[in-house]
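K.L.:
Let me give you the structure first, and then I'll get to my questions.
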Amino acid sequence: MRQSAQPSPQVDYSPVRRAYDTLAGTYAERLPDTRAEAPLDLAMLDHFATHVHATGAGSVLDAGCGAGRITRYLADRGCTVEGLDLSPEMVAAARRDHADLPFTVGSITDLPHPDGSFTGILFWYSTIHTPPDQLHHVFTEAVRVLRPGGYLLIAFQSGHGTHDVAPAYRRFGHDVELERYLTTADDIAAQLRASGLTETC
């Protein structure tokens, strides 16, 4: 049973949802796998998957999964994994391309899962469209659905301020409204600690 002391926060993700609904086909075509990831990125994913799988449960939520490419990567490394994304079109692409894996439409600030559902939670560049002062809502939800002793891995763009990413998609013929927020590793680590998590690396 899900426990919730107060109503879910209202972070307005509607522009993000509209953008990714528009971009889903191009995104899935251009990024079908992990070809865009650096070797260090893949090493971190491998390390995460090894630790989660070693628990014996191996259940992972790929929160903000897009078209499912990282969901597939973790599944191929022995994790029982499911994806969740804000964009119905992204989820449709994920279900089409990875029909053997479960995908759900939902928000990272209001996860449709009971408490303690997962041994691992992955935010693979999926928090970048959340304002930094709202990230605590995301991390509070992650802690709620994470089992005691579980693992969380987060990837994001480091820095300060806001970056307009819409021009990068115009060359593919998409006119969308999409911004990402930059934050530092120290700020993220502080917010994770405040949510009750312990930094290991």
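Please note that chains go A, B, ... in the order of the structure tokens, that every chain numbers its residues from 1, and that ligands are numbered from 1 in the order shown.
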What are the DSSP strand (DSSP E) residues of range 7-139 of chain A, as a PyMOL selection string?

P.N.:
chain A and resi 59-63+80-85+103-105+118-124

K.L.:
Could those selected residues go to a file with C-alpha atoms, as a compact mmCIF listing (two decimals), in the first residue's frame?

P.N.:
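The file below, result00.txt, is the result:
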```
# COMPACT_ATOMS: atom_id res chain seq x y z
CA SER A 59 14.32 -5.14 -9.18
CA VAL A 60 14.99 -1.72 -10.72
CA LEU A 61 12.84 1.24 -11.68
CA ASP A 62 14.22 3.16 -14.66
CA ALA A 63 12.50 6.42 -13.75
CA THR A 80 14.41 -7.28 -13.31
CA VAL A 81 13.62 -3.80 -14.54
CA GLU A 82 10.64 -1.71 -15.49
CA GLY A 83 10.52 1.72 -17.09
CA LEU A 84 8.44 4.76 -16.31
CA ASP A 85 8.20 7.94 -18.35
CA PHE A 103 6.68 0.32 -19.19
CA THR A 104 4.29 2.74 -17.48
CA VAL A 105 3.32 6.37 -18.03
CA PHE A 118 12.50 -1.60 -5.74
CA THR A 119 16.06 -2.57 -4.89
CA GLY A 120 17.39 -0.01 -7.37
CA ILE A 121 16.21 3.27 -8.83
CA LEU A 122 17.81 4.88 -11.86
CA PHE A 123 17.49 8.53 -12.83
CA TRP A 124 19.44 8.55 -16.10
```

K.L.:
Leaving out Pro32 in chain A and any residue of its chain fewer than 4 positions from it, which residues lie within 8 Å of it when counting only C-alpha atoms, given as a list in words?

P.N.:
Tyr27, Ala28, Ala67 and Arg69 of chain A

K.L.:
Give me the residues of range 31-107 of chain A that have any atom at most 8 Å from an atom of range 149-169 of chain A; for each, the nearest atom pair and the distance in Å, rounded to one decimal. Use only C-alpha atoms, sort by chain and number, and format it as a tab-separated table.

P.N.:
```
residue	atom	partner	partner_atom	distance
A:Phe48	CA	A:Leu153	CA	7.0
A:His51	CA	A:Tyr151	CA	7.9
A:Val52	CA	A:Tyr151	CA	6.9
```

K.L.:
I need the chosen residues saved as a PDB file, in the first residue's frame, with all heavy atoms.

P.N.:
```
ATOM      1  N   PHE A  48      26.251  -0.401 -10.947  1.00  0.00           N
ATOM      2  CA  PHE A  48      24.914  -0.331 -10.361  1.00  0.00           C
ATOM      3  C   PHE A  48      24.178  -1.654 -10.543  1.00  0.00           C
ATOM      4  O   PHE A  48      23.630  -2.223  -9.588  1.00  0.00           O
ATOM      5  CB  PHE A  48      24.162   0.825 -11.020  1.00  0.00           C
ATOM      6  CG  PHE A  48      22.709   0.944 -10.662  1.00  0.00           C
ATOM      7  CD1 PHE A  48      22.317   1.404  -9.411  1.00  0.00           C
ATOM      8  CD2 PHE A  48      21.731   0.630 -11.591  1.00  0.00           C
ATOM      9  CE1 PHE A  48      20.972   1.540  -9.090  1.00  0.00           C
ATOM     10  CE2 PHE A  48      20.383   0.761 -11.278  1.00  0.00           C
ATOM     11  CZ  PHE A  48      20.006   1.210 -10.023  1.00  0.00           C
ATOM     12  N   HIS A  51      25.533  -4.476  -8.297  1.00  0.00           N
ATOM     13  CA  HIS A  51      25.145  -4.374  -6.893  1.00  0.00           C
ATOM     14  C   HIS A  51      23.671  -4.721  -6.694  1.00  0.00           C
ATOM     15  O   HIS A  51      23.319  -5.414  -5.737  1.00  0.00           O
ATOM     16  CB  HIS A  51      25.436  -2.963  -6.371  1.00  0.00           C
ATOM     17  CG  HIS A  51      26.850  -2.768  -5.951  1.00  0.00           C
ATOM     18  ND1 HIS A  51      27.890  -2.697  -6.841  1.00  0.00           N
ATOM     19  CD2 HIS A  51      27.404  -2.653  -4.715  1.00  0.00           C
ATOM     20  CE1 HIS A  51      29.026  -2.532  -6.179  1.00  0.00           C
ATOM     21  NE2 HIS A  51      28.756  -2.506  -4.895  1.00  0.00           N
ATOM     22  N   VAL A  52      22.822  -4.244  -7.574  1.00  0.00           N
ATOM     23  CA  VAL A  52      21.399  -4.550  -7.448  1.00  0.00           C
ATOM     24  C   VAL A  52      21.152  -6.039  -7.633  1.00  0.00           C
ATOM     25  O   VAL A  52      20.432  -6.673  -6.859  1.00  0.00           O
ATOM     26  CB  VAL A  52      20.572  -3.723  -8.458  1.00  0.00           C
ATOM     27  CG1 VAL A  52      19.124  -4.195  -8.476  1.00  0.00           C
ATOM     28  CG2 VAL A  52      20.638  -2.244  -8.113  1.00  0.00           C
TER      29      VAL A  52
END
```

K.L.:
Need the shell around Leu74 in chain A: protein/DNA/RNA residues with any atom at most 8 Å away, counting only C-alpha atoms. Skip same-chain ones fewer than 3 positions apart. Format as a list in words?

P.N.:
Leu45, Asp46, Ala49, Ile70, Thr71, Arg77, Gly78, Cys79 and Val81 of chain A

K.L.:
Taking the DSSP secondary structure from the backbone, can you list the residues of chain A that are alpha helix (DSSP H), as a PDB file with C-alpha atoms, in the first residue's frame?

P.N.:
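Ended up saving to part.pdb:
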```
ATOM      1  CA  SER A  14       3.263  19.691 -19.257  1.00  0.00           C
ATOM      2  CA  PRO A  15       5.794  21.462 -21.560  1.00  0.00           C
ATOM      3  CA  VAL A  16       8.228  18.567 -21.054  1.00  0.00           C
ATOM      4  CA  ARG A  17       5.533  16.003 -21.825  1.00  0.00           C
ATOM      5  CA  ARG A  18       4.495  17.853 -24.998  1.00  0.00           C
ATOM      6  CA  ALA A  19       8.106  18.143 -26.146  1.00  0.00           C
ATOM      7  CA  TYR A  20       8.934  14.479 -25.682  1.00  0.00           C
ATOM      8  CA  ASP A  21       5.661  13.357 -27.209  1.00  0.00           C
ATOM      9  CA  THR A  22       6.741  15.317 -30.278  1.00  0.00           C
ATOM     10  CA  LEU A  23      10.318  14.026 -30.210  1.00  0.00           C
ATOM     11  CA  ALA A  24       9.643  10.381 -29.373  1.00  0.00           C
ATOM     12  CA  GLY A  25       9.966   8.954 -32.885  1.00  0.00           C
ATOM     13  CA  THR A  26      13.191  10.793 -33.670  1.00  0.00           C
ATOM     14  CA  TYR A  27      14.597  10.070 -30.215  1.00  0.00           C
ATOM     15  CA  ALA A  28      13.968   6.332 -30.496  1.00  0.00           C
ATOM     16  CA  GLU A  29      15.463   6.250 -33.990  1.00  0.00           C
ATOM     17  CA  ARG A  30      18.576   8.273 -33.158  1.00  0.00           C
ATOM     18  CA  PRO A  39      32.748   4.353 -21.259  1.00  0.00           C
ATOM     19  CA  LEU A  40      32.552   5.815 -17.746  1.00  0.00           C
ATOM     20  CA  ASP A  41      28.753   6.066 -18.038  1.00  0.00           C
ATOM     21  CA  LEU A  42      28.530   2.403 -18.967  1.00  0.00           C
ATOM     22  CA  ALA A  43      30.920   1.454 -16.174  1.00  0.00           C
ATOM     23  CA  MET A  44      28.661   3.194 -13.661  1.00  0.00           C
ATOM     24  CA  LEU A  45      25.601   1.415 -15.056  1.00  0.00           C
ATOM     25  CA  ASP A  46      27.432  -1.924 -14.886  1.00  0.00           C
ATOM     26  CA  HIS A  47      28.496  -1.245 -11.292  1.00  0.00           C
ATOM     27  CA  PHE A  48      24.914  -0.331 -10.361  1.00  0.00           C
ATOM     28  CA  ALA A  49      23.474  -3.423 -12.048  1.00  0.00           C
ATOM     29  CA  THR A  50      26.018  -5.695 -10.355  1.00  0.00           C
ATOM     30  CA  HIS A  51      25.145  -4.374  -6.893  1.00  0.00           C
ATOM     31  CA  VAL A  52      21.399  -4.550  -7.448  1.00  0.00           C
ATOM     32  CA  HIS A  53      21.579  -8.027  -8.952  1.00  0.00           C
ATOM     33  CA  ALA A  54      23.772  -9.225  -6.066  1.00  0.00           C
ATOM     34  CA  ARG A  69      17.313   1.975 -24.193  1.00  0.00           C
ATOM     35  CA  ILE A  70      18.798   1.970 -20.669  1.00  0.00           C
ATOM     36  CA  THR A  71      15.970  -0.227 -19.405  1.00  0.00           C
ATOM     37  CA  ARG A  72      17.105  -2.792 -21.972  1.00  0.00           C
ATOM     38  CA  TYR A  73      20.755  -2.353 -20.982  1.00  0.00           C
ATOM     39  CA  LEU A  74      19.986  -3.153 -17.336  1.00  0.00           C
ATOM     40  CA  ALA A  75      17.735  -6.080 -18.249  1.00  0.00           C
ATOM     41  CA  PRO A  88       2.946   8.531 -23.479  1.00  0.00           C
ATOM     42  CA  GLU A  89       4.629   8.583 -26.897  1.00  0.00           C
ATOM     43  CA  MET A  90       8.002   7.668 -25.394  1.00  0.00           C
ATOM     44  CA  VAL A  91       6.367   4.816 -23.512  1.00  0.00           C
ATOM     45  CA  ALA A  92       4.679   3.661 -26.721  1.00  0.00           C
ATOM     46  CA  ALA A  93       8.079   3.596 -28.453  1.00  0.00           C
ATOM     47  CA  ALA A  94       9.597   1.683 -25.528  1.00  0.00           C
ATOM     48  CA  ARG A  95       6.816  -0.898 -25.587  1.00  0.00           C
ATOM     49  CA  ARG A  96       7.207  -1.299 -29.339  1.00  0.00           C
ATOM     50  CA  ASP A  97      10.997  -1.719 -29.277  1.00  0.00           C
ATOM     51  CA  LEU A 135      14.212  18.033  -6.776  1.00  0.00           C
ATOM     52  CA  HIS A 136      13.494  17.152  -3.151  1.00  0.00           C
ATOM     53  CA  HIS A 137      10.038  15.993  -4.279  1.00  0.00           C
ATOM     54  CA  VAL A 138      11.690  13.590  -6.719  1.00  0.00           C
ATOM     55  CA  PHE A 139      14.121  12.230  -4.156  1.00  0.00           C
ATOM     56  CA  THR A 140      11.446  11.868  -1.462  1.00  0.00           C
ATOM     57  CA  GLU A 141       9.429   9.699  -3.853  1.00  0.00           C
ATOM     58  CA  ALA A 142      12.527   7.675  -4.709  1.00  0.00           C
ATOM     59  CA  VAL A 143      13.208   6.983  -1.039  1.00  0.00           C
ATOM     60  CA  ARG A 144       9.587   5.964  -0.531  1.00  0.00           C
ATOM     61  CA  VAL A 145       9.666   3.247  -3.206  1.00  0.00           C
ATOM     62  CA  ALA A 166      15.104  23.247 -28.263  1.00  0.00           C
ATOM     63  CA  PRO A 167      17.593  24.424 -30.946  1.00  0.00           C
ATOM     64  CA  ALA A 168      19.250  20.990 -30.936  1.00  0.00           C
ATOM     65  CA  TYR A 169      15.967  19.444 -32.086  1.00  0.00           C
ATOM     66  CA  ARG A 170      15.109  22.030 -34.727  1.00  0.00           C
ATOM     67  CA  ALA A 185      27.260  17.151  -7.852  1.00  0.00           C
ATOM     68  CA  ASP A 186      27.639  18.742  -4.415  1.00  0.00           C
ATOM     69  CA  ASP A 187      24.114  20.170  -4.552  1.00  0.00           C
ATOM     70  CA  ILE A 188      22.641  16.847  -5.680  1.00  0.00           C
ATOM     71  CA  ALA A 189      24.548  14.956  -2.984  1.00  0.00           C
ATOM     72  CA  ALA A 190      23.286  17.369  -0.321  1.00  0.00           C
ATOM     73  CA  GLN A 191      19.676  16.911  -1.455  1.00  0.00           C
ATOM     74  CA  LEU A 192      20.063  13.128  -1.500  1.00  0.00           C
ATOM     75  CA  ARG A 193      21.466  13.173   2.039  1.00  0.00           C
ATOM     76  CA  ALA A 194      18.592  15.370   3.168  1.00  0.00           C
TER      77      ALA A 194
END
```

K.L.:
To one decimal in Å, tell me the separation between CA of Gly56 in chain A and CA of Arg147 in chain A.

P.N.:
12.8 Å

K.L.:
Quick one: of A:Asp115, A:Glu37, A:Asp76, A:Glu179, who's nearest to Thr130 in chain A, counting only C-alpha atoms?

P.N.:
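Nearest candidate to Thr130 in chain A out of A:Asp115, A:Glu37, A:Asp76, A:Glu179: A:Glu179.
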
K.L.:
CA of Val11 in chain A and CA of Pro148 in chain A are how many Å apart?

P.N.:
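Atom-to-atom, CA of Val11 in chain A and CA of Pro148 in chain A are spaced 26.9 Å apart.
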
K.L.:
For a quick check of understanding, using only C-alpha atoms, which of A:Ala99, A:Ile128, A:Leu146, A:Cys65 has the smallest distance to Gly116 in chain A?

P.N.:
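Checking each candidate against Gly116 in chain A, we get A:Leu146 as the closest.
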